[in-house]
Amino acid sequence: MLAPSAWVVRFATGIRKGGTVLDVAAGGGRHARYLRELGFRTVAVDIDVSRMNDLADDDGVELVAADLESGPWPFPERRFDGVVVTNYLHRPLLSMLAESLAPDGLLIYETFAEGNERYGRPSNPSFLLRDGELLEVFSELSVIDYEHGFEERPRPAVRQRICAKQSGTKPLTLALTLNAGAER
Ligand SMILES: C[S@@+](CC[C@H](N)C(=O)[O-])C[C@H]1O[C@@H](n2cnc3c(N)ncnc32)[C@H](O)[C@@H]1O
């Protein structure tokens with residue numbers, strides 16, 4: 001099992017203690033598992049939940065098999081203390097992610113960005129964030145941190161990430177970390 005993303009590790013403890021976290025396109029569940037270890041209840045959704053079957057007996061984990069690109073949003077009435085998305089982008093879903101946050105809920109999002117096509121997959125622009133896109137899409141949230149740039153490890157890639165809070169008010173200060181050495 002892959003280690004959890006350093007970005008998720010960095011911000012997960014900022015989620016309301018004992019809260020419920022939605023892991024979107026959870027894959028093998030590396031973040032669902034990590035969040036469970038931290039004591040959160042976890043809802044893990046993916047089109048294929050078979051790689052998380054071992055979590056099915058955990059009362060604190062809800063596995064939801066759903067096609068997030070063809071079917072309806074599976075959680076129209078639910079709000080989460082945290083929403084985690086890594087290595088997944090389906091633009092029509094982005095507004096649902098913000099709407100799915102409870103008051104003070106934290107969005108932790110990280111995926112590949114434009115420029116990544118130089119280093120490997122994904123290279124299709126549909127799966128690559130544009131410069132500043134997460135800041136723009138989640139402009140109603142209070143941004144805690146944002147990064148966009150090239151990084152050598154764990155493999156050469158261009159990534160964009162945001163951590164932002166549903167605070168109901170705009171932030172007094174904007175903590176913005178831009179990678180000046182970004183290759184585009
Ligand atoms: C690159 S993996 C990322 C997994 C996990 N977030 C991680 O970082 O370890 C992308 C995930 O998106 C899921 N996925 C792709 N299309 C989907 C869809 N239409 N609905 C739900 N999940 C989908 C795949 O099954 C896969 O688990």
# chains A, B, ... in the order shown; residues from 1 in each chain; ligands from 1
call {"tool": "residues_near_ligand", "arguments": {"ligand": "ligand 1", "cutoff": "9 Å", "atoms": "only C-alpha atoms and all ligand atoms", "output": "ChimeraX atom specification"}}
result
/A:1-5,23-31,45-49,51,65-71,84-90,110-111
call {"tool": "select_by_dssp", "arguments": {"residues": "segment 11-152 of chain A", "states": "alpha helix (DSSP H)", "output": "number ranges by chain"}}
result
A: 11-12, 30-37, 94-99, 133-137
call {"tool": "atom_distance", "arguments": {"atom1": "atom CA of Ser50 of chain A", "atom2": "atom CA of Pro74 of chain A"}}
result
18.0 Å
call {"tool": "closest_residue", "arguments": {"among": "A:Ser167, A:Asn116, A:Asn124, A:Gln160", "to": "Asp104 of chain A", "atoms": "only C-alpha atoms"}}
result
A:Ser167
call {"tool": "closest_atom_pairs", "arguments": {"of": "segment 32-123 of chain A", "to": "segment 137-152 of chain A", "cutoff": "12 Å", "atoms": "only C-alpha atoms", "output": "CSV"}}
result
residue,atom,partner,partner_atom,distance
A:Arg91,CA,A:Val137,CA,9.6
A:Pro92,CA,A:Val137,CA,10.9
A:Leu93,CA,A:Val137,CA,10.8
A:Leu94,CA,A:Val137,CA,7.3
A:Ser95,CA,A:Val137,CA,7.4
A:Met96,CA,A:Phe138,CA,10.7
A:Leu97,CA,A:Phe138,CA,9.2
A:Ala98,CA,A:Phe138,CA,7.0
A:Glu99,CA,A:Phe138,CA,10.2
A:Leu101,CA,A:Leu141,CA,9.9
A:Ala102,CA,A:Leu141,CA,11.7
A:Pro103,CA,A:Leu141,CA,10.6
A:Asp104,CA,A:Ser142,CA,9.6
A:Gly105,CA,A:Leu141,CA,9.8
A:Leu106,CA,A:Leu141,CA,9.2
A:Leu107,CA,A:Leu141,CA,8.9
A:Ile108,CA,A:Asp145,CA,9.7
A:Tyr109,CA,A:Tyr146,CA,9.6
A:Glu110,CA,A:Glu147,CA,9.2
A:Thr111,CA,A:His148,CA,9.8
A:Phe112,CA,A:His148,CA,9.2
A:Ala113,CA,A:His148,CA,7.7
A:Glu114,CA,A:Gly149,CA,9.3
A:Gly115,CA,A:Phe150,CA,8.2
A:Asn116,CA,A:Phe150,CA,8.1
A:Glu117,CA,A:Phe150,CA,11.5
A:Arg118,CA,A:Phe150,CA,10.6
A:Tyr119,CA,A:Phe150,CA,9.9
call {"tool": "residues_around", "arguments": {"residues": "Thr13 of chain A", "least_positions_apart": "4", "cutoff": "8 Å", "atoms": "only C-alpha atoms", "output": "list in words"}}
result
Val9, Lys17 and Leu38 of chain A
call {"tool": "select_by_dssp", "arguments": {"residues": "segment 13-58 of chain A", "states": "strand (DSSP E)", "output": "number ranges by chain"}}
result
A: 20-24, 41-46
call {"tool": "write_last_selection", "arguments": {"atoms": "all heavy atoms", "output": "mmCIF file, in the first residue's frame"}}
result
data_model
loop_
_atom_site.group_PDB
_atom_site.id
_atom_site.type_symbol
_atom_site.label_atom_id
_atom_site.label_comp_id
_atom_site.auth_asym_id
_atom_site.auth_seq_id
_atom_site.Cartn_x
_atom_site.Cartn_y
_atom_site.Cartn_z
ATOM 1 N N THR A 20 -16.216 13.112 10.379
ATOM 2 C CA THR A 20 -16.350 12.177 9.267
ATOM 3 C C THR A 20 -15.704 12.779 8.024
ATOM 4 O O THR A 20 -15.939 13.945 7.691
ATOM 5 C CB THR A 20 -17.842 11.889 8.989
ATOM 6 O OG1 THR A 20 -18.419 11.356 10.170
ATOM 7 C CG2 THR A 20 -18.012 10.878 7.858
ATOM 8 N N VAL A 21 -14.899 11.967 7.360
ATOM 9 C CA VAL A 21 -14.156 12.441 6.197
ATOM 10 C C VAL A 21 -14.541 11.634 4.965
ATOM 11 O O VAL A 21 -14.630 10.406 5.014
ATOM 12 C CB VAL A 21 -12.628 12.314 6.426
ATOM 13 C CG1 VAL A 21 -11.867 12.950 5.270
ATOM 14 C CG2 VAL A 21 -12.218 12.962 7.742
ATOM 15 N N LEU A 22 -14.768 12.347 3.870
ATOM 16 C CA LEU A 22 -15.062 11.699 2.594
ATOM 17 C C LEU A 22 -13.779 11.607 1.771
ATOM 18 O O LEU A 22 -13.117 12.626 1.520
ATOM 19 C CB LEU A 22 -16.100 12.538 1.826
ATOM 20 C CG LEU A 22 -16.428 12.056 0.404
ATOM 21 C CD1 LEU A 22 -17.076 10.682 0.426
ATOM 22 C CD2 LEU A 22 -17.342 13.076 -0.299
ATOM 23 N N ASP A 23 -13.424 10.400 1.375
ATOM 24 C CA ASP A 23 -12.260 10.170 0.511
ATOM 25 C C ASP A 23 -12.799 9.890 -0.891
ATOM 26 O O ASP A 23 -13.401 8.840 -1.140
ATOM 27 C CB ASP A 23 -11.446 8.983 1.058
ATOM 28 C CG ASP A 23 -10.158 8.751 0.278
ATOM 29 O OD1 ASP A 23 -9.863 9.524 -0.655
ATOM 30 O OD2 ASP A 23 -9.441 7.781 0.624
ATOM 31 N N VAL A 24 -12.620 10.841 -1.797
ATOM 32 C CA VAL A 24 -13.213 10.777 -3.138
ATOM 33 C C VAL A 24 -12.266 10.062 -4.100
ATOM 34 O O VAL A 24 -11.085 10.416 -4.176
ATOM 35 C CB VAL A 24 -13.510 12.203 -3.656
ATOM 36 C CG1 VAL A 24 -14.069 12.170 -5.079
ATOM 37 C CG2 VAL A 24 -14.486 12.920 -2.725
ATOM 38 N N ARG A 41 -14.127 8.892 11.298
ATOM 39 C CA ARG A 41 -14.992 8.011 10.537
ATOM 40 C C ARG A 41 -14.749 8.348 9.071
ATOM 41 O O ARG A 41 -14.523 9.512 8.729
ATOM 42 C CB ARG A 41 -16.461 8.238 10.904
ATOM 43 C CG ARG A 41 -16.740 8.011 12.370
ATOM 44 C CD ARG A 41 -18.203 8.254 12.692
ATOM 45 N NE ARG A 41 -19.045 7.237 12.079
ATOM 46 C CZ ARG A 41 -19.221 6.016 12.579
ATOM 47 N NH1 ARG A 41 -18.620 5.665 13.698
ATOM 48 N NH2 ARG A 41 -19.994 5.148 11.975
ATOM 49 N N THR A 42 -14.785 7.358 8.216
ATOM 50 C CA THR A 42 -14.398 7.590 6.829
ATOM 51 C C THR A 42 -15.427 7.025 5.869
ATOM 52 O O THR A 42 -15.911 5.901 6.041
ATOM 53 C CB THR A 42 -13.036 6.914 6.537
ATOM 54 O OG1 THR A 42 -12.099 7.362 7.514
ATOM 55 C CG2 THR A 42 -12.518 7.297 5.179
ATOM 56 N N VAL A 43 -15.741 7.815 4.859
ATOM 57 C CA VAL A 43 -16.575 7.354 3.753
ATOM 58 C C VAL A 43 -15.659 7.330 2.527
ATOM 59 O O VAL A 43 -15.098 8.356 2.140
ATOM 60 C CB VAL A 43 -17.767 8.296 3.516
ATOM 61 C CG1 VAL A 43 -18.609 7.805 2.339
ATOM 62 C CG2 VAL A 43 -18.617 8.421 4.774
ATOM 63 N N ALA A 44 -15.477 6.148 1.950
ATOM 64 C CA ALA A 44 -14.570 6.002 0.816
ATOM 65 C C ALA A 44 -15.386 5.659 -0.417
ATOM 66 O O ALA A 44 -16.054 4.622 -0.457
ATOM 67 C CB ALA A 44 -13.541 4.909 1.098
ATOM 68 N N VAL A 45 -15.355 6.542 -1.414
ATOM 69 C CA VAL A 45 -16.137 6.297 -2.623
ATOM 70 C C VAL A 45 -15.205 6.095 -3.808
ATOM 71 O O VAL A 45 -14.204 6.796 -3.957
ATOM 72 C CB VAL A 45 -17.144 7.452 -2.881
ATOM 73 C CG1 VAL A 45 -16.459 8.797 -3.059
ATOM 74 C CG2 VAL A 45 -18.032 7.145 -4.085
ATOM 75 N N ASP A 46 -15.554 5.122 -4.621
ATOM 76 C CA ASP A 46 -14.781 4.850 -5.845
ATOM 77 C C ASP A 46 -15.676 4.010 -6.758
ATOM 78 O O ASP A 46 -16.594 3.333 -6.285
ATOM 79 C CB ASP A 46 -13.492 4.084 -5.519
ATOM 80 C CG ASP A 46 -12.452 4.203 -6.631
ATOM 81 O OD1 ASP A 46 -12.612 3.521 -7.674
ATOM 82 O OD2 ASP A 46 -11.496 4.980 -6.479
#
call {"tool": "atom_distance", "arguments": {"atom1": "atom CA of Phe80 of chain A", "atom2": "atom CA of Gly132 of chain A"}}
result
24.7 Å
call {"tool": "atom_distance", "arguments": {"atom1": "atom CA of Gly19 of chain A", "atom2": "atom CA of Trp7 of chain A"}}
result
18.8 Å
call {"tool": "closest_residue", "arguments": {"among": "A:Arg161, A:Arg16, A:Arg130, A:Arg155", "to": "Gly39 of chain A", "atoms": "only C-alpha atoms"}}
result
A:Arg16
call {"tool": "closest_residue", "arguments": {"among": "A:Arg33, A:Ala6, A:Asp57, A:Ser100", "to": "Phe75 of chain A", "atoms": "only C-alpha atoms"}}
result
A:Ser100
